[in-house]
>>> print(open('run.pdb').read())   # PDB, C-alpha atoms, pLDDT in the B column
ATOM      1  CA  MET F   1     -10.282  16.306  -8.675  1.00 91.00           C
ATOM      2  CA  ARG F   2      -6.936  14.594  -8.015  1.00 96.00           C
ATOM      3  CA  ARG F   3      -4.721  16.331  -5.459  1.00 98.00           C
ATOM      4  CA  ILE F   4      -0.986  16.443  -6.228  1.00 98.00           C
ATOM      5  CA  VAL F   5       2.249  17.447  -4.501  1.00 98.00           C
ATOM      6  CA  ILE F   6       5.221  18.489  -6.645  1.00 98.00           C
ATOM      7  CA  ALA F   7       8.824  18.300  -5.416  1.00 98.00           C
ATOM      8  CA  ASP F   8      11.662  19.652  -7.540  1.00 97.00           C
ATOM      9  CA  ASP F   9      14.548  21.889  -6.546  1.00 95.00           C
ATOM     10  CA  GLU F  10      14.071  24.023  -9.670  1.00 95.00           C
ATOM     11  CA  ALA F  11      11.288  26.579  -9.249  1.00 95.00           C
ATOM     12  CA  LEU F  12      10.780  26.918 -13.024  1.00 95.00           C
ATOM     13  CA  ILE F  13      10.113  23.204 -13.373  1.00 94.00           C
ATOM     14  CA  ARG F  14       7.647  23.295 -10.484  1.00 96.00           C
ATOM     15  CA  MET F  15       5.855  26.261 -12.066  1.00 96.00           C
ATOM     16  CA  GLY F  16       5.708  24.611 -15.498  1.00 96.00           C
ATOM     17  CA  LEU F  17       4.507  21.304 -14.090  1.00 97.00           C
ATOM     18  CA  ARG F  18       1.899  23.044 -11.948  1.00 97.00           C
ATOM     19  CA  ALA F  19       0.551  24.884 -15.012  1.00 97.00           C
ATOM     20  CA  MET F  20       0.389  21.668 -17.068  1.00 97.00           C
ATOM     21  CA  LEU F  21      -1.364  19.793 -14.268  1.00 97.00           C
ATOM     22  CA  GLU F  22      -3.874  22.546 -13.547  1.00 97.00           C
ATOM     23  CA  ASP F  23      -4.635  22.881 -17.279  1.00 96.00           C
ATOM     24  CA  ARG F  24      -5.640  19.222 -17.191  1.00 96.00           C
ATOM     25  CA  GLY F  25      -7.907  19.565 -14.173  1.00 96.00           C
ATOM     26  CA  TYR F  26      -5.565  18.408 -11.407  1.00 97.00           C
ATOM     27  CA  ARG F  27      -5.139  20.375  -8.202  1.00 98.00           C
ATOM     28  CA  VAL F  28      -1.621  21.045  -6.929  1.00 98.00           C
ATOM     29  CA  VAL F  29      -1.955  21.190  -3.140  1.00 98.00           C
ATOM     30  CA  GLY F  30       1.719  21.590  -2.257  1.00 98.00           C
ATOM     31  CA  GLU F  31       5.192  22.223  -3.601  1.00 98.00           C
ATOM     32  CA  ALA F  32       8.621  21.447  -2.179  1.00 97.00           C
ATOM     33  CA  SER F  33      12.178  22.159  -3.243  1.00 97.00           C
ATOM     34  CA  ASP F  34      13.694  19.207  -1.377  1.00 96.00           C
ATOM     35  CA  GLY F  35      12.831  15.606  -0.572  1.00 96.00           C
ATOM     36  CA  LYS F  36      12.543  16.085   3.166  1.00 97.00           C
ATOM     37  CA  ARG F  37       9.913  18.784   2.745  1.00 97.00           C
ATOM     38  CA  ALA F  38       8.103  16.634   0.168  1.00 97.00           C
ATOM     39  CA  VAL F  39       7.750  13.811   2.704  1.00 97.00           C
ATOM     40  CA  GLU F  40       6.368  16.283   5.265  1.00 97.00           C
ATOM     41  CA  LEU F  41       3.861  17.661   2.748  1.00 98.00           C
ATOM     42  CA  VAL F  42       2.670  14.187   1.768  1.00 97.00           C
ATOM     43  CA  GLN F  43       2.114  13.298   5.426  1.00 97.00           C
ATOM     44  CA  ARG F  44       0.253  16.517   6.149  1.00 97.00           C
ATOM     45  CA  LEU F  45      -1.681  17.092   2.907  1.00 98.00           C
ATOM     46  CA  ARG F  46      -2.434  13.454   1.991  1.00 97.00           C
ATOM     47  CA  PRO F  47      -2.345  13.937  -1.790  1.00 98.00           C
ATOM     48  CA  ASP F  48      -3.536  11.392  -4.345  1.00 98.00           C
ATOM     49  CA  LEU F  49      -0.154  11.475  -6.120  1.00 98.00           C
ATOM     50  CA  VAL F  50       3.282  13.019  -5.757  1.00 98.00           C
ATOM     51  CA  PHE F  51       5.866  14.055  -8.340  1.00 98.00           C
ATOM     52  CA  LEU F  52       9.465  13.783  -7.111  1.00 97.00           C
ATOM     53  CA  ASP F  53      12.606  14.958  -8.857  1.00 95.00           C
ATOM     54  CA  VAL F  54      15.502  12.516  -8.548  1.00 93.00           C
ATOM     55  CA  LYS F  55      18.180  15.075  -7.671  1.00 92.00           C
ATOM     56  CA  MET F  56      17.166  17.299  -4.763  1.00 93.00           C
ATOM     57  CA  PRO F  57      18.899  18.646  -1.676  1.00 92.00           C
ATOM     58  CA  GLU F  58      18.293  17.313   1.862  1.00 90.00           C
ATOM     59  CA  MET F  59      16.896  14.009   0.550  1.00 94.00           C
ATOM     60  CA  ASP F  60      16.913  12.852  -3.062  1.00 94.00           C
ATOM     61  CA  GLY F  61      13.773  11.696  -4.837  1.00 95.00           C
ATOM     62  CA  LEU F  62      14.491   7.983  -4.425  1.00 95.00           C
ATOM     63  CA  ALA F  63      15.014   8.287  -0.669  1.00 96.00           C
ATOM     64  CA  ALA F  64      11.916  10.504  -0.409  1.00 97.00           C
ATOM     65  CA  ALA F  65       9.853   7.965  -2.401  1.00 96.00           C
ATOM     66  CA  ALA F  66      10.954   5.146  -0.106  1.00 96.00           C
ATOM     67  CA  ARG F  67      10.199   7.234   2.983  1.00 97.00           C
ATOM     68  CA  ILE F  68       6.761   8.207   1.638  1.00 97.00           C
ATOM     69  CA  GLN F  69       5.907   4.529   1.106  1.00 95.00           C
ATOM     70  CA  GLU F  70       6.860   3.854   4.742  1.00 95.00           C
ATOM     71  CA  VAL F  71       4.923   6.724   6.324  1.00 94.00           C
ATOM     72  CA  ARG F  72       1.945   7.138   3.972  1.00 94.00           C
ATOM     73  CA  PRO F  73       1.878   4.991   0.852  1.00 95.00           C
ATOM     74  CA  THR F  74       1.117   7.262  -2.094  1.00 97.00           C
ATOM     75  CA  PRO F  75       1.566   6.862  -5.858  1.00 97.00           C
ATOM     76  CA  VAL F  76       4.869   8.436  -6.936  1.00 97.00           C
ATOM     77  CA  VAL F  77       5.905   9.659 -10.369  1.00 96.00           C
ATOM     78  CA  LEU F  78       9.642  10.268 -10.586  1.00 95.00           C
ATOM     79  CA  LEU F  79      10.979  13.218 -12.588  1.00 93.00           C
ATOM     80  CA  THR F  80      14.431  12.655 -14.019  1.00 88.00           C
ATOM     81  CA  ALA F  81      16.823  13.925 -16.624  1.00 82.00           C
ATOM     82  CA  TYR F  82      18.180  10.388 -16.870  1.00 74.00           C
ATOM     83  CA  SER F  83      16.658   7.215 -18.279  1.00 70.00           C
ATOM     84  CA  GLU F  84      19.321   4.691 -17.361  1.00 75.00           C
ATOM     85  CA  ARG F  85      18.420   1.135 -16.343  1.00 75.00           C
ATOM     86  CA  GLU F  86      19.978   1.254 -12.876  1.00 80.00           C
ATOM     87  CA  LEU F  87      17.941   4.345 -11.983  1.00 79.00           C
ATOM     88  CA  VAL F  88      14.729   2.639 -13.103  1.00 78.00           C
ATOM     89  CA  LYS F  89      15.583  -0.394 -10.955  1.00 82.00           C
ATOM     90  CA  GLN F  90      16.317   1.795  -7.909  1.00 87.00           C
ATOM     91  CA  ALA F  91      13.101   3.734  -8.524  1.00 85.00           C
ATOM     92  CA  GLN F  92      11.029   0.537  -8.532  1.00 84.00           C
ATOM     93  CA  GLN F  93      12.657  -0.585  -5.275  1.00 87.00           C
ATOM     94  CA  ALA F  94      11.780   2.798  -3.730  1.00 89.00           C
ATOM     95  CA  GLY F  95       8.102   2.387  -4.618  1.00 86.00           C
ATOM     96  CA  VAL F  96       8.014   4.628  -7.698  1.00 92.00           C
ATOM     97  CA  LEU F  97       5.180   3.599 -10.015  1.00 92.00           C
ATOM     98  CA  ALA F  98       5.953   5.739 -13.086  1.00 93.00           C
ATOM     99  CA  TYR F  99       8.559   8.172 -14.256  1.00 88.00           C
ATOM    100  CA  LEU F 100       8.927  11.029 -16.696  1.00 91.00           C
ATOM    101  CA  VAL F 101      12.126  12.135 -18.387  1.00 90.00           C
ATOM    102  CA  LYS F 102      12.778  15.885 -18.405  1.00 90.00           C
ATOM    103  CA  PRO F 103      11.961  18.039 -20.188  1.00 91.00           C
ATOM    104  CA  ILE F 104       8.409  16.899 -19.487  1.00 91.00           C
ATOM    105  CA  LYS F 105       6.206  16.610 -22.546  1.00 91.00           C
ATOM    106  CA  GLU F 106       2.591  17.547 -21.939  1.00 91.00           C
ATOM    107  CA  GLU F 107       1.334  14.504 -23.859  1.00 94.00           C
ATOM    108  CA  ASP F 108       3.251  12.167 -21.498  1.00 94.00           C
ATOM    109  CA  LEU F 109       1.879  13.699 -18.308  1.00 94.00           C
ATOM    110  CA  VAL F 110      -1.632  12.213 -18.071  1.00 94.00           C
ATOM    111  CA  PRO F 111      -0.559   8.686 -19.128  1.00 95.00           C
ATOM    112  CA  ALA F 112       2.151   8.683 -16.428  1.00 95.00           C
ATOM    113  CA  ILE F 113      -0.372   9.802 -13.808  1.00 97.00           C
ATOM    114  CA  GLU F 114      -2.947   7.212 -14.884  1.00 95.00           C
ATOM    115  CA  VAL F 115      -0.352   4.416 -14.899  1.00 95.00           C
ATOM    116  CA  ALA F 116       0.850   5.368 -11.395  1.00 96.00           C
ATOM    117  CA  LEU F 117      -2.699   5.553 -10.013  1.00 96.00           C
ATOM    118  CA  ALA F 118      -3.742   2.256 -11.623  1.00 95.00           C
ATOM    119  CA  ARG F 119      -0.622   0.415 -10.441  1.00 94.00           C
ATOM    120  CA  PHE F 120      -1.105   1.810  -6.939  1.00 95.00           C
ATOM    121  CA  ALA F 121      -4.743   0.678  -6.819  1.00 94.00           C
ATOM    122  CA  ASP F 122      -3.707  -2.769  -8.040  1.00 94.00           C
ATOM    123  CA  LEU F 123      -1.000  -3.038  -5.371  1.00 91.00           C
ATOM    124  CA  ARG F 124      -3.472  -2.008  -2.670  1.00 90.00           C
ATOM    125  CA  ARG F 125      -5.929  -4.701  -3.791  1.00 94.00           C
ATOM    126  CA  LYS F 126      -3.165  -7.296  -3.730  1.00 93.00           C
ATOM    127  CA  ASP F 127      -2.062  -6.198  -0.240  1.00 89.00           C
ATOM    128  CA  GLU F 128      -5.650  -6.495   0.999  1.00 92.00           C
ATOM    129  CA  ARG F 129      -5.993  -9.959  -0.539  1.00 94.00           C
ATOM    130  CA  ILE F 130      -2.713 -11.068   1.056  1.00 94.00           C
ATOM    131  CA  GLY F 131      -4.005  -9.851   4.421  1.00 92.00           C
ATOM    132  CA  GLU F 132      -7.231 -11.811   3.962  1.00 94.00           C
ATOM    133  CA  LEU F 133      -5.342 -14.965   3.003  1.00 94.00           C
ATOM    134  CA  GLU F 134      -2.984 -14.617   5.966  1.00 95.00           C
ATOM    135  CA  GLU F 135      -5.963 -14.286   8.294  1.00 93.00           C
ATOM    136  CA  GLN F 136      -7.616 -17.351   6.748  1.00 93.00           C
ATOM    137  CA  LEU F 137      -4.405 -19.317   7.177  1.00 94.00           C
ATOM    138  CA  GLN F 138      -4.128 -18.317  10.831  1.00 94.00           C
ATOM    139  CA  THR F 139      -7.752 -19.319  11.394  1.00 93.00           C
ATOM    140  CA  ARG F 140      -7.165 -22.664   9.730  1.00 94.00           C
ATOM    141  CA  LYS F 141      -4.084 -23.284  11.901  1.00 95.00           C
ATOM    142  CA  LEU F 142      -6.034 -22.448  15.073  1.00 94.00           C
ATOM    143  CA  VAL F 143      -8.929 -24.705  14.076  1.00 94.00           C
ATOM    144  CA  GLU F 144      -6.518 -27.540  13.252  1.00 95.00           C
ATOM    145  CA  ARG F 145      -4.839 -27.207  16.664  1.00 95.00           C
ATOM    146  CA  ALA F 146      -8.223 -27.094  18.420  1.00 94.00           C
ATOM    147  CA  LYS F 147      -9.393 -30.145  16.449  1.00 94.00           C
ATOM    148  CA  GLY F 148      -6.251 -32.005  17.465  1.00 93.00           C
ATOM    149  CA  LEU F 149      -6.804 -31.139  21.112  1.00 92.00           C
ATOM    150  CA  LEU F 150     -10.455 -32.301  20.988  1.00 92.00           C
ATOM    151  CA  MET F 151      -9.433 -35.509  19.233  1.00 93.00           C
ATOM    152  CA  GLN F 152      -6.793 -36.208  21.864  1.00 92.00           C
ATOM    153  CA  ARG F 153      -8.778 -35.089  24.912  1.00 91.00           C
ATOM    154  CA  GLU F 154     -12.181 -36.542  23.987  1.00 91.00           C
ATOM    155  CA  GLY F 155     -11.308 -39.339  21.576  1.00 93.00           C
ATOM    156  CA  LEU F 156     -13.212 -37.742  18.697  1.00 92.00           C
ATOM    157  CA  SER F 157     -12.565 -38.374  15.023  1.00 94.00           C
ATOM    158  CA  GLU F 158     -11.242 -35.468  12.970  1.00 93.00           C
ATOM    159  CA  GLU F 159     -14.672 -34.975  11.414  1.00 94.00           C
ATOM    160  CA  GLU F 160     -16.424 -35.039  14.813  1.00 93.00           C
ATOM    161  CA  ALA F 161     -13.957 -32.534  16.282  1.00 93.00           C
ATOM    162  CA  PHE F 162     -14.445 -30.180  13.330  1.00 94.00           C
ATOM    163  CA  ARG F 163     -18.210 -30.535  13.540  1.00 94.00           C
ATOM    164  CA  ARG F 164     -18.151 -29.678  17.262  1.00 93.00           C
ATOM    165  CA  ILE F 165     -16.172 -26.485  16.612  1.00 94.00           C
ATOM    166  CA  GLN F 166     -18.485 -25.581  13.742  1.00 94.00           C
ATOM    167  CA  LEU F 167     -21.659 -26.167  15.775  1.00 94.00           C
ATOM    168  CA  GLU F 168     -20.344 -24.162  18.739  1.00 93.00           C
ATOM    169  CA  ALA F 169     -19.500 -21.283  16.396  1.00 94.00           C
ATOM    170  CA  ARG F 170     -23.032 -21.327  14.983  1.00 95.00           C
ATOM    171  CA  ARG F 171     -24.701 -21.739  18.369  1.00 94.00           C
ATOM    172  CA  THR F 172     -22.810 -18.817  19.921  1.00 95.00           C
ATOM    173  CA  ARG F 173     -22.681 -16.774  16.697  1.00 96.00           C
ATOM    174  CA  ARG F 174     -18.939 -16.386  16.892  1.00 95.00           C
ATOM    175  CA  PRO F 175     -16.234 -17.029  14.325  1.00 93.00           C
ATOM    176  CA  MET F 176     -14.652 -20.485  14.370  1.00 93.00           C
ATOM    177  CA  ARG F 177     -11.371 -18.753  15.134  1.00 93.00           C
ATOM    178  CA  GLU F 178     -12.715 -17.563  18.509  1.00 94.00           C
ATOM    179  CA  VAL F 179     -14.162 -20.968  19.363  1.00 94.00           C
ATOM    180  CA  ALA F 180     -10.823 -22.591  18.503  1.00 94.00           C
ATOM    181  CA  ARG F 181      -8.978 -20.118  20.746  1.00 94.00           C
ATOM    182  CA  GLU F 182     -11.372 -20.858  23.582  1.00 93.00           C
ATOM    183  CA  ILE F 183     -10.808 -24.611  23.196  1.00 92.00           C
ATOM    184  CA  LEU F 184      -7.046 -24.012  23.208  1.00 92.00           C
ATOM    185  CA  GLY F 185      -7.373 -21.838  26.298  1.00 88.00           C
ATOM    186  CA  GLU F 186      -6.103 -18.744  24.476  1.00 69.00           C
ATOM    187  CA  THR F 187      -7.546 -15.289  24.941  1.00 46.00           C
ATOM    188  CA  SER F 188      -8.527 -13.264  21.882  1.00 42.00           C
ATOM    189  CA  ARG F 189      -5.623 -11.505  20.271  1.00 43.00           C
TER     190      ARG F 189
END
>>> encode(input="run.pdb", output="structure tokens")
Amino acid sequence: MRRIVIADDEALIRMGLRAMLEDRGYRVVGEASDGKRAVELVQRLRPDLVFLDVKMPEMDGLAAAARIQEVRPTPVVLLTAYSERELVKQAQQAGVLAYLVKPIKEEDLVPAIEVALARFADLRRKDERIGELEEQLQTRKLVERAKGLLMQREGLSEEEAFRRIQLEARRTRRPMREVAREILGETSR
């Protein structure tokens, strides 16, 4: 069951949204009437998704969405009475993944949630892949530097230097990255 936090300064909207969500099998784990409190709830309750109204006291929905993405990335659906282009652009920059125009129509609710969750999962996969690629690039750079040092120091060809690093990694059952650092005289970071 998906856990949701709702933030809107109007109690009637929170109540109506809660009822619609619970009717569809979602669990509302927290409610807030301002953006600052919404950020606190997201940090503490760790929901699967958060609904944020654009216009709220203390901190508006866009600022709260941006802050949530900094402290605990979570899918955000923005609630707004407006559908203007500039707002949509600002919402995307704040990390909002879907939005609903008030008054909220029940038939739009589940698609907005599913879009936000799917986009969030896709972004997480991309972030993980970027991290893997960055690590591979750093390893390659270290190995290249270590190869260069072996070539210079011991007069080895590029292939021989690479083979030596590779064999040492196998022999000691360590990643090539560690062997390269050792050759360069660096300690593990």
>>> closest_atom_pairs(input="run.pdb", of="region 58-147 of chain F", to="region 16-37 of chain F", cutoff="7 Å", atoms="all atoms listed in the file", output="CSV")
residue,atom,partner,partner_atom,distance
F:Glu58,CA,F:Asp34,CA,5.9
F:Met59,CA,F:Gly35,CA,4.5
F:Asp60,CA,F:Gly35,CA,5.5
F:Gly61,CA,F:Gly35,CA,5.9
F:Ala64,CA,F:Gly35,CA,5.2
F:Glu106,CA,F:Met20,CA,6.7
>>> closest_atom_pairs(input="run.pdb", of="region 88-188 of chain F", to="region 2-11 of chain F", cutoff="12 Å", atoms="only C-alpha atoms", output="Markdown table")
| residue | atom | partner | partner_atom | distance |
| --- | --- | --- | --- | --- |
| F:Lys102 | CA | F:Asp8 | CA | 11.6 |
| F:Val110 | CA | F:Arg2 | CA | 11.6 |
| F:Ile113 | CA | F:Arg2 | CA | 10.0 |
| F:Glu114 | CA | F:Arg2 | CA | 10.8 |
| F:Leu117 | CA | F:Arg2 | CA | 10.2 |
>>> atom_distance(input="run.pdb", atom1="CA of Thr74 (chain F)", atom2="CA of Glu40 (chain F)")
12.8 Å
>>> closest_residue(input="run.pdb", among="F:Leu78, F:Leu150, F:Leu184, F:Leu62", to="Gln93 (chain F)", atoms="only C-alpha atoms")
F:Leu62
>>> closest_residue(input="run.pdb", among="F:Leu156, F:Ala118, F:Ala63, F:Met15", to="Asp48 (chain F)", atoms="all atoms listed in the file")
F:Ala118
>>> decode(input="run.pdb", residues="region 144-156 of chain F", atoms="N, CA, C and O atoms", output="PDB file, in the first residue's frame")
ATOM      1  N   GLU F 144      44.900   4.113 -16.461  1.00  0.00           N
ATOM      2  CA  GLU F 144      45.702   4.773 -17.494  1.00  0.00           C
ATOM      3  C   GLU F 144      46.926   5.453 -16.883  1.00  0.00           C
ATOM      4  O   GLU F 144      48.036   5.354 -17.420  1.00  0.00           O
ATOM      5  N   ARG F 145      46.744   6.127 -15.752  1.00  0.00           N
ATOM      6  CA  ARG F 145      47.871   6.783 -15.081  1.00  0.00           C
ATOM      7  C   ARG F 145      48.879   5.746 -14.591  1.00  0.00           C
ATOM      8  O   ARG F 145      50.090   5.928 -14.726  1.00  0.00           O
ATOM      9  N   ALA F 146      48.369   4.650 -14.014  1.00  0.00           N
ATOM     10  CA  ALA F 146      49.257   3.591 -13.522  1.00  0.00           C
ATOM     11  C   ALA F 146      50.006   2.937 -14.683  1.00  0.00           C
ATOM     12  O   ALA F 146      51.205   2.650 -14.579  1.00  0.00           O
ATOM     13  N   LYS F 147      49.315   2.714 -15.796  1.00  0.00           N
ATOM     14  CA  LYS F 147      49.965   2.158 -16.987  1.00  0.00           C
ATOM     15  C   LYS F 147      51.097   3.084 -17.437  1.00  0.00           C
ATOM     16  O   LYS F 147      52.204   2.629 -17.721  1.00  0.00           O
ATOM     17  N   GLY F 148      50.804   4.356 -17.501  1.00  0.00           N
ATOM     18  CA  GLY F 148      51.806   5.336 -17.924  1.00  0.00           C
ATOM     19  C   GLY F 148      53.025   5.310 -17.022  1.00  0.00           C
ATOM     20  O   GLY F 148      54.172   5.365 -17.497  1.00  0.00           O
ATOM     21  N   LEU F 149      52.792   5.207 -15.731  1.00  0.00           N
ATOM     22  CA  LEU F 149      53.902   5.163 -14.773  1.00  0.00           C
ATOM     23  C   LEU F 149      54.743   3.895 -14.977  1.00  0.00           C
ATOM     24  O   LEU F 149      55.978   3.946 -14.986  1.00  0.00           O
ATOM     25  N   LEU F 150      54.076   2.745 -15.151  1.00  0.00           N
ATOM     26  CA  LEU F 150      54.802   1.488 -15.396  1.00  0.00           C
ATOM     27  C   LEU F 150      55.590   1.559 -16.707  1.00  0.00           C
ATOM     28  O   LEU F 150      56.730   1.084 -16.779  1.00  0.00           O
ATOM     29  N   MET F 151      54.984   2.133 -17.721  1.00  0.00           N
ATOM     30  CA  MET F 151      55.657   2.254 -19.016  1.00  0.00           C
ATOM     31  C   MET F 151      56.918   3.110 -18.877  1.00  0.00           C
ATOM     32  O   MET F 151      57.979   2.758 -19.404  1.00  0.00           O
ATOM     33  N   GLN F 152      56.780   4.197 -18.150  1.00  0.00           N
ATOM     34  CA  GLN F 152      57.910   5.119 -17.968  1.00  0.00           C
ATOM     35  C   GLN F 152      58.980   4.505 -17.057  1.00  0.00           C
ATOM     36  O   GLN F 152      60.160   4.524 -17.374  1.00  0.00           O
ATOM     37  N   ARG F 153      58.562   3.961 -15.945  1.00  0.00           N
ATOM     38  CA  ARG F 153      59.475   3.469 -14.917  1.00  0.00           C
ATOM     39  C   ARG F 153      60.187   2.173 -15.331  1.00  0.00           C
ATOM     40  O   ARG F 153      61.349   1.974 -15.043  1.00  0.00           O
ATOM     41  N   GLU F 154      59.422   1.285 -16.019  1.00  0.00           N
ATOM     42  CA  GLU F 154      59.976  -0.044 -16.315  1.00  0.00           C
ATOM     43  C   GLU F 154      60.160  -0.314 -17.803  1.00  0.00           C
ATOM     44  O   GLU F 154      60.503  -1.436 -18.189  1.00  0.00           O
ATOM     45  N   GLY F 155      59.885   0.680 -18.627  1.00  0.00           N
ATOM     46  CA  GLY F 155      60.080   0.520 -20.067  1.00  0.00           C
ATOM     47  C   GLY F 155      59.153  -0.494 -20.702  1.00  0.00           C
ATOM     48  O   GLY F 155      59.513  -1.143 -21.682  1.00  0.00           O
ATOM     49  N   LEU F 156      57.962  -0.651 -20.151  1.00  0.00           N
ATOM     50  CA  LEU F 156      56.994  -1.615 -20.689  1.00  0.00           C
ATOM     51  C   LEU F 156      56.174  -0.981 -21.814  1.00  0.00           C
ATOM     52  O   LEU F 156      56.000   0.236 -21.868  1.00  0.00           O
TER      53      LEU F 156
END
